[in-house]
Structure formats: structure tokens, C-alpha cells
file protein_30.cif (mmCIF, C-alpha atoms)
data_protein
#
loop_
_atom_site.label_atom_id
_atom_site.label_comp_id
_atom_site.auth_asym_id
_atom_site.auth_seq_id
_atom_site.Cartn_x
_atom_site.Cartn_y
_atom_site.Cartn_z
CA MET A 1 6.57 13.10 31.38
CA GLY A 2 3.46 14.47 33.08
CA ASN A 3 0.09 15.08 31.61
CA ALA A 4 0.77 18.69 30.75
CA PRO A 5 -1.67 20.03 28.18
CA PHE A 6 -0.24 20.26 24.69
CA LEU A 7 0.04 23.97 24.29
CA LYS A 8 0.76 25.40 20.91
CA THR A 9 3.96 27.23 21.63
CA ASP A 10 5.04 27.85 18.06
CA PRO A 11 4.69 31.61 17.46
CA LEU A 12 4.49 30.93 13.73
CA GLU A 13 1.56 28.56 14.21
CA VAL A 14 -0.88 31.04 12.62
CA ASP A 15 1.03 31.08 9.38
CA ASN A 16 2.07 27.47 9.48
CA THR A 17 0.45 25.77 6.50
CA ASP A 18 2.56 22.64 6.81
CA PHE A 19 -0.41 20.43 7.68
CA GLU A 20 -2.35 21.69 4.67
CA VAL A 21 0.56 20.94 2.37
CA ARG A 22 1.25 17.57 3.94
CA SER A 23 -2.38 16.51 3.67
CA LEU A 24 -2.68 17.43 -0.04
CA ASP A 25 -3.68 14.26 -1.83
CA ALA A 26 -2.55 12.15 1.07
CA MET A 27 -4.55 9.64 3.03
CA CYS A 28 -2.20 8.91 5.87
CA VAL A 29 -1.47 12.14 7.64
CA ASN A 30 0.03 12.24 11.08
CA GLU A 31 -2.58 13.89 13.30
CA MET A 32 -0.53 13.67 16.47
CA GLN A 33 0.16 16.97 18.24
CA LYS A 34 3.06 15.74 20.32
CA ASP A 35 6.50 15.08 18.85
CA GLU A 36 7.78 11.58 19.44
CA PRO A 37 11.48 10.89 20.02
CA MET A 38 12.97 9.17 16.94
CA LEU A 39 13.37 5.79 18.65
CA TYR A 40 9.67 5.64 19.50
CA ASN A 41 9.09 5.15 15.79
CA LEU A 42 10.32 1.58 16.20
CA LYS A 43 6.79 0.59 17.21
CA TYR A 44 5.62 1.49 13.70
CA LEU A 45 8.47 -0.61 12.33
CA ALA A 46 7.16 -3.53 14.42
CA VAL A 47 3.62 -3.09 13.04
CA GLY A 48 5.14 -2.95 9.54
CA ILE A 49 7.01 -6.22 10.12
CA VAL A 50 3.82 -8.05 11.09
CA PHE A 51 1.97 -6.46 8.16
CA GLY A 52 4.78 -7.51 5.78
CA ILE A 53 4.71 -11.10 7.01
CA VAL A 54 0.93 -11.22 6.54
CA LEU A 55 1.26 -9.84 2.99
CA VAL A 56 3.72 -12.60 2.07
CA LYS A 57 2.15 -15.53 3.91
CA ALA A 58 -1.39 -14.84 2.68
CA GLU A 59 0.03 -14.49 -0.86
CA ILE A 60 -1.44 -10.99 -1.16
CA ILE A 61 1.80 -9.93 -2.87
CA SER A 62 1.51 -12.76 -5.38
CA TRP A 63 1.07 -11.64 -8.97
CA PHE A 64 -0.94 -14.82 -9.56
CA ARG A 65 -3.48 -14.04 -6.80
CA ILE A 66 -4.00 -10.55 -8.25
CA GLN A 67 -4.58 -12.01 -11.72
CA GLU A 68 -7.13 -14.43 -10.24
CA MET A 69 -8.86 -11.56 -8.46
CA PHE A 70 -9.27 -9.48 -11.63
CA ARG A 71 -10.53 -12.52 -13.56
CA LEU A 72 -12.99 -13.54 -10.80
CA GLN A 73 -11.22 -16.90 -10.54
CA SER A 74 -10.72 -16.92 -6.79
CA PHE A 75 -12.43 -15.55 -3.70
CA HIS A 76 -9.17 -15.20 -1.74
CA MET A 77 -8.40 -11.49 -2.31
CA TYR A 78 -12.04 -10.46 -1.91
CA GLY A 79 -12.08 -12.33 1.40
CA VAL A 80 -8.90 -10.59 2.55
CA ILE A 81 -10.00 -7.06 1.62
CA GLY A 82 -13.62 -7.59 2.71
CA SER A 83 -12.78 -8.98 6.14
CA ALA A 84 -10.08 -6.32 6.64
CA VAL A 85 -12.63 -3.58 5.94
CA ILE A 86 -15.20 -5.11 8.30
CA VAL A 87 -12.67 -5.47 11.14
CA GLY A 88 -11.39 -1.93 10.48
CA MET A 89 -14.92 -0.51 10.45
CA VAL A 90 -15.94 -2.20 13.69
CA SER A 91 -12.68 -1.07 15.34
CA VAL A 92 -13.17 2.56 14.31
CA LEU A 93 -16.78 2.39 15.49
CA LEU A 94 -15.62 1.06 18.88
CA ILE A 95 -12.94 3.75 19.13
CA LYS A 96 -15.60 6.41 18.58
CA LYS A 97 -18.24 4.81 20.85
CA LEU A 98 -15.81 4.23 23.72
CA ASN A 99 -14.09 7.54 23.06
CA LEU A 100 -10.69 5.82 23.14
CA LYS A 101 -7.53 7.91 23.31
CA THR A 102 -4.06 7.29 21.94
CA ILE A 103 -1.44 5.87 24.30
CA TYR A 104 -0.36 9.49 24.85
CA GLY A 105 -3.86 10.48 25.91
CA GLU A 106 -4.72 12.49 22.78
CA PRO A 107 -8.20 12.17 21.32
CA ILE A 108 -8.17 10.10 18.12
CA SER A 109 -8.90 12.19 15.05
CA ILE A 110 -9.55 11.07 11.51
CA HIS A 111 -9.05 13.53 8.70
CA PRO A 112 -12.11 13.58 6.41
CA LYS A 113 -11.39 13.10 2.72
CA LYS A 114 -12.80 15.43 0.09
CA PHE A 115 -13.86 14.13 -3.28
CA ASN A 116 -11.94 15.20 -6.34
CA LYS A 117 -11.65 13.86 -9.88
CA GLY A 118 -8.23 12.47 -9.03
CA GLN A 119 -9.90 9.61 -7.22
CA VAL A 120 -11.42 8.58 -10.56
CA PHE A 121 -8.53 9.26 -12.98
CA GLY A 122 -5.79 8.33 -10.53
CA GLY A 123 -7.81 5.38 -9.31
CA LEU A 124 -8.10 3.95 -12.82
CA MET A 125 -4.38 4.49 -13.45
CA PHE A 126 -3.45 2.75 -10.22
CA GLY A 127 -5.84 -0.09 -11.14
CA PHE A 128 -3.95 -0.53 -14.42
CA GLY A 129 -0.63 -0.58 -12.58
CA TRP A 130 -1.93 -2.97 -9.91
CA ALA A 131 -3.03 -5.52 -12.54
CA ILE A 132 0.31 -5.23 -14.41
CA THR A 133 2.69 -5.44 -11.45
CA GLY A 134 0.45 -7.48 -9.17
CA ALA A 135 1.35 -5.05 -6.43
CA CYS A 136 0.09 -2.00 -4.62
CA PRO A 137 2.69 0.14 -2.85
CA GLY A 138 2.80 -2.00 0.33
CA PRO A 139 3.38 -5.25 -1.55
CA LEU A 140 6.18 -3.62 -3.58
CA PHE A 141 8.23 -3.35 -0.36
CA ALA A 142 7.29 -6.88 0.71
CA GLN A 143 8.11 -8.35 -2.73
CA ILE A 144 11.61 -6.85 -2.60
CA GLY A 145 12.07 -8.19 0.93
CA SER A 146 10.89 -11.65 -0.07
CA GLY A 147 13.71 -11.86 -2.62
CA ALA A 148 12.33 -10.43 -5.88
CA THR A 149 15.13 -7.85 -5.97
CA VAL A 150 14.25 -6.66 -9.49
CA ILE A 151 11.10 -5.10 -8.01
CA ALA A 152 13.41 -2.41 -6.58
CA VAL A 153 13.30 -1.06 -10.16
CA THR A 154 9.48 -1.07 -10.03
CA LEU A 155 9.60 0.76 -6.69
CA LEU A 156 11.99 3.39 -8.07
CA SER A 157 9.66 3.80 -11.03
CA ALA A 158 6.72 4.24 -8.63
CA ILE A 159 8.69 6.94 -6.77
CA ALA A 160 9.35 8.58 -10.14
CA GLY A 161 5.62 8.38 -10.91
CA THR A 162 4.81 10.13 -7.63
CA TRP A 163 7.40 12.81 -8.42
CA VAL A 164 6.02 13.41 -11.91
CA TYR A 165 2.53 13.71 -10.41
CA GLY A 166 3.82 16.32 -7.96
CA LYS A 167 5.52 18.20 -10.79
CA PHE A 168 2.42 18.39 -13.01
CA ARG A 169 -0.18 18.47 -10.23
CA ASP A 170 -1.40 21.99 -11.14
CA LYS A 171 -2.06 21.02 -14.75
CA LEU A 172 -4.11 17.91 -13.96
CA PRO A 173 -7.89 17.95 -13.52
CA HIS A 174 -8.85 17.63 -9.83
CA MET B 175 3.14 -30.76 12.79
CA ASN B 176 5.03 -28.24 14.88
CA PHE B 177 4.17 -24.57 15.20
CA LEU B 178 6.68 -23.35 12.59
CA ASP B 179 5.45 -25.85 10.00
CA TRP B 180 1.94 -24.72 10.72
CA LEU B 181 2.94 -21.09 10.18
CA ARG B 182 4.69 -21.98 6.91
CA GLN B 183 1.49 -23.02 5.16
CA PRO B 184 -0.22 -20.31 3.12
CA TRP B 185 -2.48 -18.29 5.45
CA PRO B 186 -6.20 -18.26 4.63
CA TRP B 187 -8.04 -15.00 3.95
CA TYR B 188 -9.96 -15.13 7.23
CA VAL B 189 -6.68 -14.93 9.13
CA ALA B 190 -4.95 -12.34 6.94
CA GLY B 191 -7.92 -10.00 6.42
CA PRO B 192 -8.72 -9.42 10.12
CA LEU B 193 -5.00 -8.98 10.91
CA ILE B 194 -4.78 -6.28 8.23
CA GLY B 195 -8.00 -4.70 9.50
CA LEU B 196 -6.53 -4.51 13.02
CA THR B 197 -3.67 -2.40 11.68
CA VAL B 198 -6.18 0.49 11.47
CA PRO B 199 -7.00 0.77 15.22
CA ILE B 200 -3.44 -0.18 16.27
CA LEU B 201 -1.90 2.74 14.36
CA LEU B 202 -4.61 5.13 15.56
CA ILE B 203 -4.11 4.15 19.20
CA MET B 204 -0.31 4.14 18.93
CA GLY B 205 -0.21 7.75 17.85
CA ASN B 206 -3.10 9.02 15.75
CA LYS B 207 -1.63 7.60 12.55
CA SER B 208 -3.90 6.87 9.60
CA PHE B 209 -3.04 3.58 7.93
CA GLY B 210 -1.60 4.12 4.46
CA VAL B 211 1.41 3.12 2.42
CA SER B 212 1.53 5.13 -0.81
CA SER B 213 2.30 8.41 1.01
CA SER B 214 5.70 6.92 1.82
CA LEU B 215 6.60 7.37 -1.86
CA ARG B 216 5.79 11.07 -1.55
CA HIS B 217 7.87 11.39 1.63
CA ILE B 218 10.80 9.77 -0.20
CA CYS B 219 10.42 12.39 -2.95
CA ALA B 220 10.18 15.16 -0.33
CA ALA B 221 13.29 13.90 1.45
CA CYS B 222 15.46 13.11 -1.58
CA ILE B 223 14.36 15.05 -4.66
CA PRO B 224 11.98 17.86 -3.66
CA ALA B 225 13.35 20.13 -6.45
CA LYS B 226 11.27 23.33 -6.32
CA ILE B 227 7.94 21.55 -6.34
CA PRO B 228 5.52 22.88 -3.69
CA PHE B 229 3.87 19.44 -3.39
CA PHE B 230 7.13 18.13 -1.89
CA HIS B 231 7.86 21.10 0.37
CA TYR B 232 6.56 20.19 3.77
CA ASP B 233 8.02 18.84 6.98
CA TRP B 234 8.39 15.21 5.87
CA LYS B 235 10.10 14.38 9.16
CA LYS B 236 6.70 14.80 10.79
CA GLU B 237 5.62 11.77 8.74
CA ILE B 238 8.75 9.72 9.35
CA TRP B 239 6.66 7.09 11.15
CA ASN B 240 5.40 6.11 7.69
CA LEU B 241 8.96 5.41 6.50
CA PHE B 242 9.56 3.25 9.58
CA PHE B 243 6.32 1.44 8.78
CA VAL B 244 7.30 0.64 5.17
CA SER B 245 10.82 -0.38 6.28
CA GLY B 246 9.02 -2.83 8.54
CA ILE B 247 7.07 -4.19 5.55
CA LEU B 248 10.38 -4.80 3.75
CA LEU B 249 11.83 -6.54 6.84
CA GLY B 250 8.64 -8.57 7.23
CA GLY B 251 9.09 -9.74 3.63
CA ILE B 252 12.65 -10.84 4.42
CA ILE B 253 11.59 -12.67 7.59
CA ALA B 254 8.69 -14.43 5.86
CA ALA B 255 10.90 -15.56 2.97
CA GLN B 256 13.85 -16.64 5.15
CA PHE B 257 12.07 -18.42 7.99
CA LEU B 258 8.49 -19.07 6.97
CA ALA B 259 8.78 -20.01 3.30
CA ASP B 260 6.49 -22.67 1.91
CA PRO B 261 8.49 -24.86 -0.53
CA SER B 262 5.52 -26.03 -2.61
CA PRO B 263 4.42 -24.09 -5.70
CA ILE B 264 1.46 -21.75 -5.38
CA ALA B 265 -1.92 -23.33 -6.20
CA VAL B 266 -3.54 -21.34 -8.98
CA ASN B 267 -6.91 -21.59 -10.75
CA ALA B 268 -6.66 -24.02 -13.71
CA ASN B 269 -8.09 -21.48 -16.17
CA LEU B 270 -5.36 -19.01 -15.27
CA VAL B 271 -2.66 -21.68 -15.63
CA ASN B 272 -4.02 -22.41 -19.11
CA GLU B 273 -4.10 -18.77 -20.12
CA LEU B 274 -0.63 -17.95 -18.77
CA GLY B 275 0.77 -21.05 -20.46
CA LYS B 276 0.04 -19.38 -23.80
CA TYR B 277 2.41 -16.56 -22.85
CA GLY B 278 5.16 -18.95 -21.76
CA ILE B 279 4.53 -18.54 -18.03
CA ALA B 280 4.91 -21.85 -16.24
CA ASP B 281 7.00 -21.16 -13.12
CA TYR B 282 4.76 -21.17 -10.05
CA HIS B 283 7.51 -21.47 -7.44
CA GLY B 284 7.76 -17.79 -6.59
CA LEU B 285 5.23 -15.10 -5.79
CA LEU B 286 5.97 -13.57 -9.19
CA PRO B 287 6.51 -15.43 -12.48
CA THR B 288 10.25 -15.31 -13.25
CA GLU B 289 9.45 -15.41 -16.98
CA VAL B 290 8.29 -11.78 -16.64
CA PHE B 291 9.75 -10.35 -13.44
CA SER B 292 13.51 -10.90 -13.36
CA TRP B 293 16.71 -8.95 -14.03
CA GLN B 294 17.14 -10.85 -17.34
CA GLN B 295 13.72 -9.67 -18.50
CA LEU B 296 14.17 -6.05 -17.43
CA PHE B 297 15.47 -4.89 -20.81
CA THR B 298 12.95 -6.73 -22.95
CA ILE B 299 9.96 -4.73 -24.20
CA ARG B 300 7.58 -6.82 -22.11
CA GLY B 301 9.76 -6.50 -19.01
CA LEU B 302 10.16 -2.75 -19.40
CA ILE B 303 6.43 -2.16 -19.83
CA MET B 304 5.52 -4.38 -16.90
CA MET B 305 8.20 -3.53 -14.34
CA VAL B 306 9.00 0.10 -15.18
CA GLY B 307 5.68 1.14 -16.78
CA GLY B 308 3.59 -0.71 -14.21
CA GLY B 309 5.54 0.83 -11.33
CA PHE B 310 5.13 4.31 -12.78
CA LEU B 311 1.34 3.85 -13.01
CA VAL B 312 1.23 2.63 -9.41
CA GLY B 313 3.19 5.66 -8.13
CA PHE B 314 1.45 8.28 -10.28
CA GLY B 315 -2.03 6.77 -9.91
CA THR B 316 -1.99 6.32 -6.14
CA ARG B 317 -0.83 9.88 -5.53
CA TYR B 318 -3.33 11.30 -8.04
CA ALA B 319 -6.05 9.26 -6.31
CA GLY B 320 -4.79 10.36 -2.90
CA GLY B 321 -4.21 6.86 -1.58
CA CYS B 322 -3.89 3.19 -2.43
CA THR B 323 -5.49 -0.04 -1.31
CA SER B 324 -4.49 0.57 2.30
CA GLY B 325 -5.28 4.29 2.54
CA HIS B 326 -8.51 4.28 0.52
CA SER B 327 -9.83 0.71 0.45
CA ILE B 328 -9.02 -0.24 4.04
CA MET B 329 -8.59 3.00 6.04
CA GLY B 330 -11.00 5.09 3.97
CA LEU B 331 -13.79 2.50 3.83
CA SER B 332 -13.32 1.69 7.54
CA THR B 333 -13.98 5.34 8.34
CA LEU B 334 -16.96 5.46 5.94
CA GLN B 335 -15.52 8.03 3.54
CA TRP B 336 -17.42 7.91 0.28
CA PRO B 337 -14.57 9.37 -1.85
CA SER B 338 -12.62 6.25 -0.82
CA LEU B 339 -15.44 4.06 -2.11
CA VAL B 340 -15.25 5.90 -5.45
CA ALA B 341 -11.48 5.40 -5.50
CA THR B 342 -11.78 1.70 -4.63
CA CYS B 343 -14.33 1.13 -7.41
CA CYS B 344 -11.96 2.84 -9.85
CA PHE B 345 -9.01 0.70 -8.68
CA MET B 346 -11.07 -2.40 -9.35
CA ALA B 347 -12.43 -1.13 -12.69
CA GLY B 348 -8.89 -0.27 -13.84
CA GLY B 349 -7.66 -3.68 -12.74
CA PHE B 350 -10.44 -5.52 -14.57
CA ILE B 351 -9.87 -3.58 -17.79
CA MET B 352 -6.11 -4.10 -17.66
CA ALA B 353 -6.12 -7.80 -16.67
CA ASN B 354 -8.79 -8.86 -19.16
CA PHE B 355 -8.29 -6.62 -22.18
CA ILE B 356 -4.85 -4.99 -22.22
CA LEU B 357 -2.53 -7.26 -20.25
CA PRO B 358 -3.07 -10.21 -22.64
CA LEU B 359 -1.64 -8.02 -25.44
CA ILE B 360 1.36 -7.00 -23.29
CA LEU B 361 2.02 -10.58 -22.22
CA SER B 362 1.98 -11.67 -25.87
CA LEU B 363 4.90 -9.36 -26.72
#

call {"tool": "encode", "arguments": {"input": "protein_30.cif", "output": "C-alpha cells"}}
result
Amino acid sequence: MGNAPFLKTDPLEVDNTDFEVRSLDAMCVNEMQKDEPMLYNLKYLAVGIVFGIVLVKAEIISWFRIQEMFRLQSFHMYGVIGSAVIVGMVSVLLIKKLNLKTIYGEPISIHPKKFNKGQVFGGLMFGFGWAITGACPGPLFAQIGSGATVIAVTLLSAIAGTWVYGKFRDKLPH
Amino acid sequence: MNFLDWLRQPWPWYVAGPLIGLTVPILLIMGNKSFGVSSSLRHICAACIPAKIPFFHYDWKKEIWNLFFVSGILLGGIIAAQFLADPSPIAVNANLVNELGKYGIADYHGLLPTEVFSWQQLFTIRGLIMMVGGGFLVGFGTRYAGGCTSGHSIMGLSTLQWPSLVATCCFMAGGFIMANFILPLILSL
């Protein structure tokens, strides 16, 4: 494949609101212009595998570590999240300063997030759920993988929660 | 001690945190992907049960990378448990051991206490509230908030987005309220 410019060839592009819909209340939106062949997605699987191993081995998916965190009985989780944020921040700063591109040569773009009341109400609800289950969404997948098969029920319930949110989204304060 | 034995010990925060932080630039450089996990739940809804809900009508295949990513997390969990498991029980703060003892929790061999999280407990009131109710709150809350610990606390804070700081503070506030004031009542059931 050459370095042909990524022309917008879709005649419906003007009316295409797909990105707007996809980015509604979503943090991780694909900003890539180019379409990747399905198999190329395996690289994200590989990143996920490493991430999953880290979640298990650093006991981030442990219910006990989460209880310690919310009772200020251990520094562990604060160390994990704090150092992750610092490394992430410095990396993003470097990407911007050095004007780094993706491996496909596209400029890296980060979608800015608008404030809405959901971040408060939803945030509190998620906090409740996090303290009960000892898991955020990522750890749910890792807990199931690590052998706690009953957490598949918790994951299904989380999917149901997301669905119910989508169903009543218009009626909730944002 | 050989390399595998060394890997089997619990990893300290200063190894895990930076590795997680590096996920942010890796995903951006691989293909302009913003690190986040909770959106995968929405894509599953969009793919399987969109009904007639506009929130689930979008081209979810465009976000299929996210489903590959979470499948990787599941596989990573399997690999870590099969090949890198640490046989000794998890070391927990003595005050927590004391408190949990009152609720009949004494098994520290797994990542989750089997006295609460197991198939046998699923149909008890405590099990239902914690596994089904807790999961529902995680799914509803993260989507309402527009992200979870990865999307808001790591990705959002890394890119200096103040709404993510608000969200992170609310996650923590919710967690503190639940763990210290409400969870003790649920665990006593």
C-alpha cells in the first residue's frame, strides 16, 4: 500500500452522523480514518493480553485490594493508578511535542470530552459498583479468565446495565 | 530463582502502573485508539441487542478493535492464572482481615473471596446484590459517566481533560461511601 492521501470517498459523508452517535457518552472512540483488515486487529488482542496479565499479577482485579484502597489501608492501588497516569501523561505530551504519527502515518488525534452531569451521577454509581464487585469493566474480563467463572454473571449484568442506560438515556439528567 | 518463579510473585505497583500507563501511547500509535474498556459493553449491546434504541445504532464494527482488546484481557487472565499463578494466599491489611472475619470471610487463596463470589452464593440475597446488583451498577454507571477507570482515570487524566477528573473523583467518592457505610450492611446479610 502506498502513501495515498486518505480521501473521503463516501458520497454520504455529509449526512453521516455515525461518529457523533458512536462518540455519545463514550471515551474510547476510534479516530482512525483508514479501515484496517480484520486480522490487523490481532495487535489489539496482544495489547489486551499483556494488560490482562498485568491486572492479575499486580492483584488489581483482587476484591481485597479494592477494599483496602477504599479504606485507605494500602498504598498499592494508589501507586498503580498514580504511576499509570504519570506515564500516560508524559507519553501523550511526548506524542504532541514530537508530533508523532500512527504506524499508518495518520496524525494522532484525541477527542476532547465535554462535561455533563452524567460524570457525577454515573461516576458515583460506578463507584458503588466498583466497591461491591471489586472490579471495573476491564477486571471483570480478567477475573473470568483467571477462573472466577461466576463473574460471567456480573459481566452479563453490567451489559444489561449499559443497555438499560441506553434505553432511558433521554430521561436521565445530563 | 528462575525467571518464571520471579514472574509468579505478585507484581509491585511501580511495575504495573507504568505498564498500564504505556497502554495509552501504544494504542494511539497503533491506530489512533483511545484506551478504554467500558465502551466494549456498549458495542456488545449494539451488536447483540440494539432493539430500536438510537444509542445502540451505529457502526459498531468500526470499534471492533475494542472487542479484540477485551478478548485479550480475558485471555491474559487465563494465561496469568494457568502459568503464572502464585500459590500463596494474598497478603491483606490486618484491619481488613479482622473486619471481613466478622462477615465470615476467611478464604484468601483467590482474588475474590469464595464466601461471597461463587456459583453456590449466586442465589443468596447477599450474592445476588453483590454479583448481579454490583455488575448492573458498573455497567450503568460507567456508561452514564462516559467511561471507567481506564477511559476517564487513565486516558482522560493523561490527556488533561477536566471532566475526567470530575468523574474520577466521583468514582472514588462512590467507592468510599459504599465500602465504608453501605457494604458492611450488605456483607452482614

call {"tool": "residues_around", "arguments": {"input": "protein_30.cif", "residues": "Gly147 (chain A)", "least_positions_apart": "4", "cutoff": "12 Å", "atoms": "all atoms listed in the file", "output": "MDAnalysis selection string"}}
result
(chainID A and resid 56 140:143 151:152) or (chainID B and resid 248:256 259 284:286 288 291:292)

call {"tool": "residues_near_point", "arguments": {"input": "protein_30.cif", "point": "(-8.1, 12.4, -12.3)", "cutoff": "9 Å", "atoms": "all atoms listed in the file", "output": "ChimeraX atom specification"}}
result
/A:116-125,172-174 /B:315,318-319

call {"tool": "atom_distance", "arguments": {"input": "protein_30.cif", "atom1": "CA of Ser327 (chain B)", "atom2": "CA of Leu274 (chain B)"}}
result
28.3 Å

call {"tool": "residues_around", "arguments": {"input": "protein_30.cif", "residues": "region 235-238 of chain B", "least_positions_apart": "5", "cutoff": "9 Å", "atoms": "all atoms listed in the file", "output": "JSON, numbers by chain"}}
result
{"A": [22, 28, 29, 30, 35, 38, 41], "B": [214, 217, 221, 243]}

call {"tool": "resolve_selection", "arguments": {"input": "protein_30.cif", "expression": "the PyMOL selection byres ((chain A and resi 154-159) around 9)", "output": "list in words"}}
result
Thr133, Pro137, Leu140, Phe141, Ile144, Val150, Ile151, Ala152, Val153, Ala160, Gly161, Thr162, Trp163 and Val164 of chain A; Leu215, Arg216, Ile218, Cys219, Met304, Met305, Val306, Gly307, Gly308, Gly309, Phe310, Leu311, Val312, Gly313 and Phe314 of chain B

call {"tool": "atom_distance", "arguments": {"input": "protein_30.cif", "atom1": "CA of Met69 (chain A)", "atom2": "CA of Pro184 (chain B)"}}
result
16.9 Å

call {"tool": "atom_distance", "arguments": {"input": "protein_30.cif", "atom1": "CA of Met77 (chain A)", "atom2": "CA of Ala58 (chain A)"}}
result
9.2 Å

call {"tool": "residues_around", "arguments": {"input": "protein_30.cif", "residues": "Asp260 (chain B)", "least_positions_apart": "4", "cutoff": "9 Å", "atoms": "only C-alpha atoms", "output": "list in words"}}
result
Lys57 of chain A; Asp179, Arg182, Gln183, Pro184, Ala255 and Ile264 of chain B

call {"tool": "closest_residue", "arguments": {"input": "protein_30.cif", "among": "A:Lys96, A:Arg71, A:Lys43, A:Lys171", "to": "Lys207 (chain B)", "atoms": "only C-alpha atoms"}}
result
A:Lys43

call {"tool": "closest_residue", "arguments": {"input": "protein_30.cif", "among": "A:Leu94, A:Gly138, A:Gly105, A:Ile66", "to": "chain B", "atoms": "all atoms listed in the file"}}
result
A:Gly138

call {"tool": "residues_around", "arguments": {"input": "protein_30.cif", "residues": "Phe128 (chain A)", "least_positions_apart": "5", "cutoff": "6 Å", "atoms": "only C-alpha atoms", "output": "NGL selection string"}}
result
:B and (348-349 or 352)

call {"tool": "write_last_selection", "arguments": {"input": "protein_30.cif", "atoms": "C-alpha atoms", "output": "CSV table (one decimal), in the frame of the given file"}}
result
chain,number,residue,atom,x,y,z
B,348,GLY,CA,-8.9,-0.3,-13.8
B,349,GLY,CA,-7.7,-3.7,-12.7
B,352,MET,CA,-6.1,-4.1,-17.7

call {"tool": "closest_residue", "arguments": {"input": "protein_30.cif", "among": "B:Leu302, B:Trp180, B:Met329, B:Ile247", "to": "chain A", "atoms": "all atoms listed in the file"}}
result
B:Ile247
